[in-house]
Protein chains: 2
Amino acid sequence: MADPGPSAPPAPPRAGRATLVDVAAAAGTSASTVSRVLHGGAGVTDELAERVRRAARELGYSVNRQARTLRRGKDTAIGVALEDFTIPFFGRIVAQVEQAAHERGYGVVITCAGSGRSEEEAVEPLLSRSVAGLVVATGTAGAPEGYLAELAAELPVVQVDAPSASSHSDTVGIDNEGAGRLLTEHLLARGHRRVLFVGSGPAATTVQLRRRGYEAAMREAGLEPVSAWLGYLPSETTERAVDLLREHADPAAPGGGITAVLSGVARVTMGLASAMTRLGLRDLAFAAVDDLAGADAFNPPLTVLEQDVEGMGARAAELLFARIDGDRRPPVHEQVPLQLIVRGSGELPPRAPR
Amino acid sequence: MADPGPSAPPAPPRAGRATLVDVAAAAGTSASTVSRVLHGGAGVTDELAERVRRAARELGYSVNRQARTLRRGKDTAIGVALEDFTIPFFGRIVAQVEQAAHERGYGVVITCAGSGRSEEEAVEPLLSRSVAGLVVATGTAGAPEGYLAELAAELPVVQVDAPSASSHSDTVGIDNEGAGRLLTEHLLARGHRRVLFVGSGPAATTVQLRRRGYEAAMREAGLEPVSAWLGYLPSETTERAVDLLREHADPAAPGGGITAVLSGVARVTMGLASAMTRLGLRDLAFAAVDDLAGADAFNPPLTVLEQDVEGMGARAAELLFARIDGDRRPPVHEQVPLQLIVRGSGELPPRAPR
DNA sequence: CTGAAAGCGCTTACAG
DNA sequence: CTGAAAGCGCTTACAG
């Protein structure tokens, strides 16, 4: 590097990111003014403002959020607590939320609330960053009402895929009970009598509601509901599904001779599909709440009750930002529409598949 | 509220989160000491330390990260830039990275780098939060070498699923060219001669490499490689795949009469599967780089070259934290092993499927 | 072993 | 219209 010489400008450019003070120095003004020009808006001479903007551009200045947040009290960031990143449903939610946040200049900090981590442990990292609000999609992770209620008293919280209409925070979800009922009625209308409901586990409240809808529809048709749980671990789902289906496909067994399977949640749909293929149960009708990418390529193909997941994510973000912007109306509870997509369950099955 | 009366303790508890000063007041000591007890470690009397810890517990104190970061210069958070949250591959990466970060007390802030957002626009929100390091998995999103190189000079960056061995940052990925070659050789060994390679688009460098491996294997067998692109939009993939397969399955067409399809990337595998089902192409052999949950339920079933995605994510996090902790070795480039899982491509197809 | 003080980079009343 | 100053909550030399 050449020596700049004795007549070089006073302060050499500092290392690292440029600060407001650097920009002020370069523009020959004060930090206050730079802040006003860059974020505050009006009240500055055009000429000065232009000089500041040029200096900022030349120095590659961008605001230090920590400092801003420390000063303002709230971060321009929202937190997202998800049950599981590997399930596309949740990925589609974050994608929408991230998009909405990005458009508003907000950052997104995430945390995983599944796999035995407590709600509190999951959320603390978000709170200690002073996020401006929270999107919580912990789906089947249990009933965090108590803790969330406390939280919602202090900052905006929107629950996605919520099991129930919370009185503390906005919720966006589907009509779970109606979903279970609708799919069951569809199968019954096609002539099925022995329909097996399969969920992840009894702790998954949304799944319980879907099951309730299934049971109601079965009982109204004078049929005996039969349901089973496959657990929450993808690694075990397929094995368990194989055992389960082998048992219930057997016409001789109690609760056996089923002709249709109703999957209550995306988490187990995959395992059921794999198990059917492995057992060669091509005549079983197969329906599920939640769609699955590629489900039309399954064998047997999958009839689904599709929800507008992107709509849910986008709406959740909208509600959250409205709250952040000061909306103080009582909590709202929205349900996105469901759409039945008939793929495999249309064909009437033989009386007793084997 | 009852008046606390004249002899009440001096300062009423403040609203909002408790600060270090609140804790200090409650414990009858200074902020310095509280900080030392809670984070600094040694150098404080057991008795005082205990008093501080109790006060902190009672006030529900937890550190304000903004303030800490502002002071320290680096946030205890890492950034993750992902191409697409809705593709399970990326979800599995974040899940691992988040887990590793959580274990070390780090937060995770995310940003989406796909869908026309520039690399810079995607990463800026992370930088303005002073993240301590970056995991970049922008996969097919183009060749960000220039920008990333600049970035990597200033903070630790690990690239996941990187197209090439960067000289600026650590990378974790697979042997892309080898993957294309291996799968192609598998198909050729099963007697296939007309194998169609399908990728997302020419800008996806990793896919280009896989294609190169495919082409090399074809040429070495004296065969003419034929490849096609389906684009990056899930919404269009299936439609395009239908057109594509109809064309190439036709024995009369140029480049037609294919007996096997090789999918170069997860993004298009689903669409290909759907198209095959829709066209009833059950005799086509189907193989893909990347596994797909539920692929064993496809019809035809899918032979895959599975990569240890969890391993990739975990390893990327490990490398990143090593760098954050001061590791200054030259960049390392690691490849995770691949595993061929033969499902559908084993059966020899008829000469000319229709 | 403990505390007073400075300072991280910003924003925002408050003067002028 | 513009700037000096205070202060957000922490951490960290520096004294004592």
# chains A, B, ... in the order shown; residues from 1 in each chain; ligands from 1
call {"tool": "residues_around", "arguments": {"residues": "range 11-16 of chain C", "least_positions_apart": "4", "cutoff": "10 Å", "atoms": "only C-alpha atoms (C1' of nucleotides)", "output": "PyMOL selection string"}}
result
(chain A and resi 31-32+35-36+39-40+67-72) or (chain D and resi 2-8)
call {"tool": "write_last_selection", "arguments": {"atoms": "N, CA and C atoms (P, O5', C5', C4', C3', O3' and C1' of nucleotides)", "output": "PDB file, in the first residue's frame"}}
result
ATOM      1  N   ALA A  31     -24.490  12.802  13.342  1.00  0.00           N
ATOM      2  CA  ALA A  31     -25.161  11.499  13.335  1.00  0.00           C
ATOM      3  C   ALA A  31     -26.675  11.666  13.331  1.00  0.00           C
ATOM      4  N   SER A  32     -27.158  12.626  14.101  1.00  0.00           N
ATOM      5  CA  SER A  32     -28.606  12.867  14.148  1.00  0.00           C
ATOM      6  C   SER A  32     -29.156  13.062  12.746  1.00  0.00           C
ATOM      7  N   SER A  35     -29.141   9.938  10.620  1.00  0.00           N
ATOM      8  CA  SER A  35     -30.236   9.059  11.033  1.00  0.00           C
ATOM      9  C   SER A  35     -31.554   9.550  10.440  1.00  0.00           C
ATOM     10  N   ARG A  36     -31.785  10.838  10.508  1.00  0.00           N
ATOM     11  CA  ARG A  36     -33.029  11.399   9.959  1.00  0.00           C
ATOM     12  C   ARG A  36     -33.141  11.163   8.471  1.00  0.00           C
ATOM     13  N   HIS A  39     -33.576   7.240   7.817  1.00  0.00           N
ATOM     14  CA  HIS A  39     -34.734   6.516   8.336  1.00  0.00           C
ATOM     15  C   HIS A  39     -35.867   7.432   8.754  1.00  0.00           C
ATOM     16  N   GLY A  40     -35.517   8.584   9.321  1.00  0.00           N
ATOM     17  CA  GLY A  40     -36.544   9.454   9.874  1.00  0.00           C
ATOM     18  C   GLY A  40     -37.450  10.068   8.826  1.00  0.00           C
ATOM     19  N   ALA A  67     -27.995  -2.064  17.684  1.00  0.00           N
ATOM     20  CA  ALA A  67     -27.999  -0.740  18.282  1.00  0.00           C
ATOM     21  C   ALA A  67     -29.387  -0.126  18.180  1.00  0.00           C
ATOM     22  N   ARG A  68     -29.962  -0.257  16.999  1.00  0.00           N
ATOM     23  CA  ARG A  68     -31.294   0.301  16.830  1.00  0.00           C
ATOM     24  C   ARG A  68     -32.274  -0.336  17.802  1.00  0.00           C
ATOM     25  N   THR A  69     -32.207  -1.650  17.886  1.00  0.00           N
ATOM     26  CA  THR A  69     -33.144  -2.361  18.740  1.00  0.00           C
ATOM     27  C   THR A  69     -32.949  -1.989  20.201  1.00  0.00           C
ATOM     28  N   LEU A  70     -31.703  -1.906  20.593  1.00  0.00           N
ATOM     29  CA  LEU A  70     -31.417  -1.559  21.980  1.00  0.00           C
ATOM     30  C   LEU A  70     -32.056  -0.214  22.307  1.00  0.00           C
ATOM     31  N   ARG A  71     -31.943   0.683  21.371  1.00  0.00           N
ATOM     32  CA  ARG A  71     -32.488   2.004  21.570  1.00  0.00           C
ATOM     33  C   ARG A  71     -34.015   1.999  21.558  1.00  0.00           C
ATOM     34  N   ARG A  72     -34.551   1.308  20.554  1.00  0.00           N
ATOM     35  CA  ARG A  72     -36.004   1.386  20.361  1.00  0.00           C
ATOM     36  C   ARG A  72     -36.798   0.441  21.253  1.00  0.00           C
TER      37      ARG A  72
ATOM     38  P    DT D   2     -30.513  21.002   7.138  1.00  0.00           P
ATOM     39  O5'  DT D   2     -29.945  20.973   8.616  1.00  0.00           O
ATOM     40  C5'  DT D   2     -29.024  21.976   9.008  1.00  0.00           C
ATOM     41  C4'  DT D   2     -28.630  21.776  10.439  1.00  0.00           C
ATOM     42  C3'  DT D   2     -27.926  20.445  10.736  1.00  0.00           C
ATOM     43  O3'  DT D   2     -26.562  20.753  11.008  1.00  0.00           O
ATOM     44  C1'  DT D   2     -29.522  21.017  12.412  1.00  0.00           C
ATOM     45  P    DG D   3     -25.520  19.579  11.352  1.00  0.00           P
ATOM     46  O5'  DG D   3     -25.518  19.642  12.940  1.00  0.00           O
ATOM     47  C5'  DG D   3     -25.249  20.890  13.562  1.00  0.00           C
ATOM     48  C4'  DG D   3     -25.246  20.728  15.055  1.00  0.00           C
ATOM     49  C3'  DG D   3     -24.441  19.533  15.563  1.00  0.00           C
ATOM     50  O3'  DG D   3     -23.823  19.917  16.788  1.00  0.00           O
ATOM     51  C1'  DG D   3     -26.666  19.344  16.305  1.00  0.00           C
ATOM     52  P    DA D   4     -22.588  19.120  17.356  1.00  0.00           P
ATOM     53  O5'  DA D   4     -22.840  19.279  18.914  1.00  0.00           O
ATOM     54  C5'  DA D   4     -23.661  20.338  19.388  1.00  0.00           C
ATOM     55  C4'  DA D   4     -24.050  20.085  20.824  1.00  0.00           C
ATOM     56  C3'  DA D   4     -23.154  19.137  21.596  1.00  0.00           C
ATOM     57  O3'  DA D   4     -23.338  19.431  22.977  1.00  0.00           O
ATOM     58  C1'  DA D   4     -25.209  18.077  21.207  1.00  0.00           C
ATOM     59  P    DA D   5     -22.713  18.481  24.115  1.00  0.00           P
ATOM     60  O5'  DA D   5     -23.951  17.536  24.476  1.00  0.00           O
ATOM     61  C5'  DA D   5     -25.198  18.139  24.832  1.00  0.00           C
ATOM     62  C4'  DA D   5     -26.100  17.084  25.462  1.00  0.00           C
ATOM     63  C3'  DA D   5     -25.341  16.026  26.269  1.00  0.00           C
ATOM     64  O3'  DA D   5     -26.155  15.623  27.363  1.00  0.00           O
ATOM     65  C1'  DA D   5     -26.496  14.976  24.534  1.00  0.00           C
ATOM     66  P    DA D   6     -25.570  14.768  28.560  1.00  0.00           P
ATOM     67  O5'  DA D   6     -26.815  13.817  28.845  1.00  0.00           O
ATOM     68  C5'  DA D   6     -28.132  14.294  28.565  1.00  0.00           C
ATOM     69  C4'  DA D   6     -29.042  13.113  28.288  1.00  0.00           C
ATOM     70  C3'  DA D   6     -28.704  11.877  29.135  1.00  0.00           C
ATOM     71  O3'  DA D   6     -29.920  11.294  29.569  1.00  0.00           O
ATOM     72  C1'  DA D   6     -28.648  11.316  26.861  1.00  0.00           C
ATOM     73  P    DG D   7     -29.898  10.273  30.783  1.00  0.00           P
ATOM     74  O5'  DG D   7     -30.265   8.926  30.030  1.00  0.00           O
ATOM     75  C5'  DG D   7     -31.338   8.912  29.099  1.00  0.00           C
ATOM     76  C4'  DG D   7     -31.278   7.608  28.358  1.00  0.00           C
ATOM     77  C3'  DG D   7     -30.734   6.448  29.219  1.00  0.00           C
ATOM     78  O3'  DG D   7     -31.539   5.311  28.992  1.00  0.00           O
ATOM     79  C1'  DG D   7     -29.514   6.636  27.220  1.00  0.00           C
ATOM     80  P    DC D   8     -31.677   4.180  30.068  1.00  0.00           P
ATOM     81  O5'  DC D   8     -32.142   2.942  29.221  1.00  0.00           O
ATOM     82  C5'  DC D   8     -33.164   3.032  28.238  1.00  0.00           C
ATOM     83  C4'  DC D   8     -32.845   2.067  27.120  1.00  0.00           C
ATOM     84  C3'  DC D   8     -32.135   0.805  27.609  1.00  0.00           C
ATOM     85  O3'  DC D   8     -33.114  -0.198  27.860  1.00  0.00           O
ATOM     86  C1'  DC D   8     -31.096   1.716  25.627  1.00  0.00           C
TER      87       DC D   8
END
call {"tool": "residues_around", "arguments": {"residues": "DG9 in chain D", "least_positions_apart": "6", "cutoff": "9 Å", "atoms": "only C-alpha atoms (C1' of nucleotides)", "output": "JSON, numbers by chain"}}
result
{"A": [70], "B": [19, 20, 21, 63, 64, 65, 66, 67, 68]}
call {"tool": "atom_distance", "arguments": {"atom1": "CA of Val342 in chain B", "atom2": "CA of Ala203 in chain B"}}
result
29.0 Å
call {"tool": "closest_atom_pairs", "arguments": {"of": "range 232-339 of chain B", "to": "range 219-243 of chain A", "cutoff": "12 Å", "atoms": "only C-alpha atoms", "output": "CSV"}}
result
residue,atom,partner,partner_atom,distance
B:Ala293,CA,A:Pro234,CA,9.6
B:Gly294,CA,A:Thr238,CA,9.7
B:Asp296,CA,A:Thr238,CA,10.8
B:Ala297,CA,A:Thr238,CA,11.1
call {"tool": "residues_around", "arguments": {"residues": "DC1 in chain C", "least_positions_apart": "3", "cutoff": "9 Å", "atoms": "only C-alpha atoms (C1' of nucleotides)", "output": "PyMOL selection string"}}
result
chain B and resi 43-45
call {"tool": "write_last_selection", "arguments": {"atoms": "N, CA and C atoms", "output": "PDB file, in the first residue's frame"}}
result
ATOM      1  N   GLY B  43     -14.340 -15.810  40.021  1.00  0.00           N
ATOM      2  CA  GLY B  43     -13.929 -14.554  40.630  1.00  0.00           C
ATOM      3  C   GLY B  43     -14.926 -13.907  41.554  1.00  0.00           C
ATOM      4  N   VAL B  44     -15.944 -14.638  41.935  1.00  0.00           N
ATOM      5  CA  VAL B  44     -16.945 -14.071  42.831  1.00  0.00           C
ATOM      6  C   VAL B  44     -17.187 -15.019  44.010  1.00  0.00           C
ATOM      7  N   THR B  45     -17.338 -14.443  45.165  1.00  0.00           N
ATOM      8  CA  THR B  45     -17.632 -15.234  46.366  1.00  0.00           C
ATOM      9  C   THR B  45     -18.856 -16.125  46.152  1.00  0.00           C
TER      10      THR B  45
END
call {"tool": "closest_atom_pairs", "arguments": {"of": "chain A", "to": "chain B", "cutoff": "6 Å", "atoms": "only C-alpha atoms", "output": "tab-separated table"}}
result
residue	atom	partner	partner_atom	distance
A:Asn64	CA	B:Ser128	CA	5.3
A:Arg65	CA	B:Arg129	CA	5.4
A:Gln66	CA	B:Gln66	CA	4.7
A:Leu70	CA	B:Gln66	CA	5.8
A:Phe85	CA	B:Gly91	CA	4.9
A:Thr86	CA	B:Gly91	CA	4.6
A:Pro88	CA	B:Thr86	CA	5.5
A:Gly91	CA	B:Thr86	CA	4.6
A:Arg92	CA	B:Thr86	CA	5.1
A:Ala95	CA	B:Phe85	CA	5.7
A:Val108	CA	B:Val109	CA	5.6
A:Val109	CA	B:Val109	CA	4.1
A:Ile110	CA	B:Val108	CA	5.8
A:Ser128	CA	B:Asn64	CA	5.3
A:Arg129	CA	B:Arg65	CA	5.4
A:Met270	CA	B:Gly294	CA	5.2
A:Ala273	CA	B:Ala297	CA	5.7
A:Ser274	CA	B:Ala297	CA	4.8
A:Thr277	CA	B:Ala297	CA	5.4
A:Gly294	CA	B:Met270	CA	5.2
A:Asp296	CA	B:Ser274	CA	5.9
A:Ala297	CA	B:Ser274	CA	4.8
A:Phe298	CA	B:Phe298	CA	4.6
A:Asn299	CA	B:Asn299	CA	5.9
